[in-house]
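Asker: Just dropping this structure here.
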Amino acid sequence: QVQLEESGGGLVQPGGSLRLSCAASGSIFTDDFLGWHRQAPGKERELVAYASRRGWTRYAASVEGRFTISRDNAIDTVYLQMDSLKPEDTAVYYCNLRTLTGSEWWGQGTQVTVSS
């Protein structure tokens with residue numbers, strides 16, 4: 001049974017930084033994609049970024065250049081460093097693990113609020 005434990009959300013001023021962490025347990029896959037989606041009030045959930053076990057990454061256009069995803073395969077943990085945060089980054093951020101066969105799991109979500 002895969003479990004995803006998120007941490008690191010909170011309140012930050014515009015231009016500030018936060019780092020999210022997601023630790024996956026119970027996952028042993030040859031390759032998989034571990035990353036983040038987000039959902040703002042009244043909007044659909046959208047991809048933020050993900051990192052494959054083999055080392056490649058993908059970002060949404062809206063965060064590229066401001067967010068950095070990294071992954072430590074030894075402890076099955078992914079980090080999302082978020083810099084130059086904007087009010088429009090305010091959302092609940094969900095950790096997501098997806099395998100090549102399409103199975104996927106979600107974390108419970110962590111709130112990120114960017115406001116002065």
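Quick note on naming: the chains in the structure tokens go A, B, ... in the order shown, residues restart at 1 in each chain, and ligands are numbered from 1 in order of appearance.
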Would you kindly return, as number ranges by chain, each protein, DNA or RNA residue with an atom no farther than 7 Å from any atom of Val48 in chain A, considering only C-alpha atoms and excluding same-chain residues fewer than 6 positions away?
Answerer: A: 36-38, 59-60
Asker: Please identify every residue of range 53-78 of chain A that has at least one atom no farther than 6 Å from an atom of range 8-31 of chain A, counting only C-alpha atoms, and for each give the shortest atom pair and the distance in Å to one decimal, arranged by chain then increasing number, as JSON lines.
Answerer:
```
{"residue": "A:Arg53", "atom": "CA", "partner": "A:Asp31", "partner_atom": "CA", "distance": 5.3}
{"residue": "A:Asp76", "atom": "CA", "partner": "A:Ala24", "partner_atom": "CA", "distance": 5.4}
{"residue": "A:Thr77", "atom": "CA", "partner": "A:Ala23", "partner_atom": "CA", "distance": 4.3}
{"residue": "A:Val78", "atom": "CA", "partner": "A:Cys22", "partner_atom": "CA", "distance": 5.3}
```
Asker: Compile the contact shell of Gly65 in chain A as a PyMOL selection string: residues with an atom at most 10 Å away, counting only C-alpha atoms, same-chain residues fewer than 3 positions apart removed.
Answerer: chain A and resi 59-62+68+82-84
Asker: Deliver the residues from the most recent selection as a file, using C-alpha atoms, as a PDB file, in the first residue's frame.
Answerer:
```pdb
ATOM      1  CA  TYR A  59       7.112  21.764 -15.102  1.00  0.00           C
ATOM      2  CA  ALA A  60       3.947  23.670 -15.815  1.00  0.00           C
ATOM      3  CA  ALA A  61       4.676  26.790 -17.853  1.00  0.00           C
ATOM      4  CA  SER A  62       3.295  28.969 -15.075  1.00  0.00           C
ATOM      5  CA  THR A  68      12.480  23.555  -8.738  1.00  0.00           C
ATOM      6  CA  MET A  82       9.049  27.433  -4.686  1.00  0.00           C
ATOM      7  CA  ASP A  83      10.642  30.847  -5.138  1.00  0.00           C
ATOM      8  CA  SER A  84       9.267  34.205  -6.256  1.00  0.00           C
TER       9      SER A  84
END
```
Asker: Of the candidates A:Ala40, A:Leu47, A:Val114, A:Thr57, which one gets nearest to Asn96 in chain A if we count only C-alpha atoms?
Answerer: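 Of A:Ala40, A:Leu47, A:Val114, A:Thr57, the one nearest Asn96 in chain A is A:Leu47, counting only C-alpha atoms.
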Asker: Find the distance between CA of Trp106 in chain A and CA of Tyr93 in chain A and write it in Å to one decimal.
Answerer: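 Spanning CA of Trp106 in chain A to CA of Tyr93 in chain A is a straight-line distance of 10.4 Å.
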Asker: For Gln111 in chain A, which of A:Ala91, A:Leu80, A:Leu85, A:Leu4 is the closest residue, counting only C-alpha atoms?
Answerer: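 Going through A:Ala91, A:Leu80, A:Leu85, A:Leu4 one by one, the smallest distance to Gln111 in chain A is for A:Ala91.
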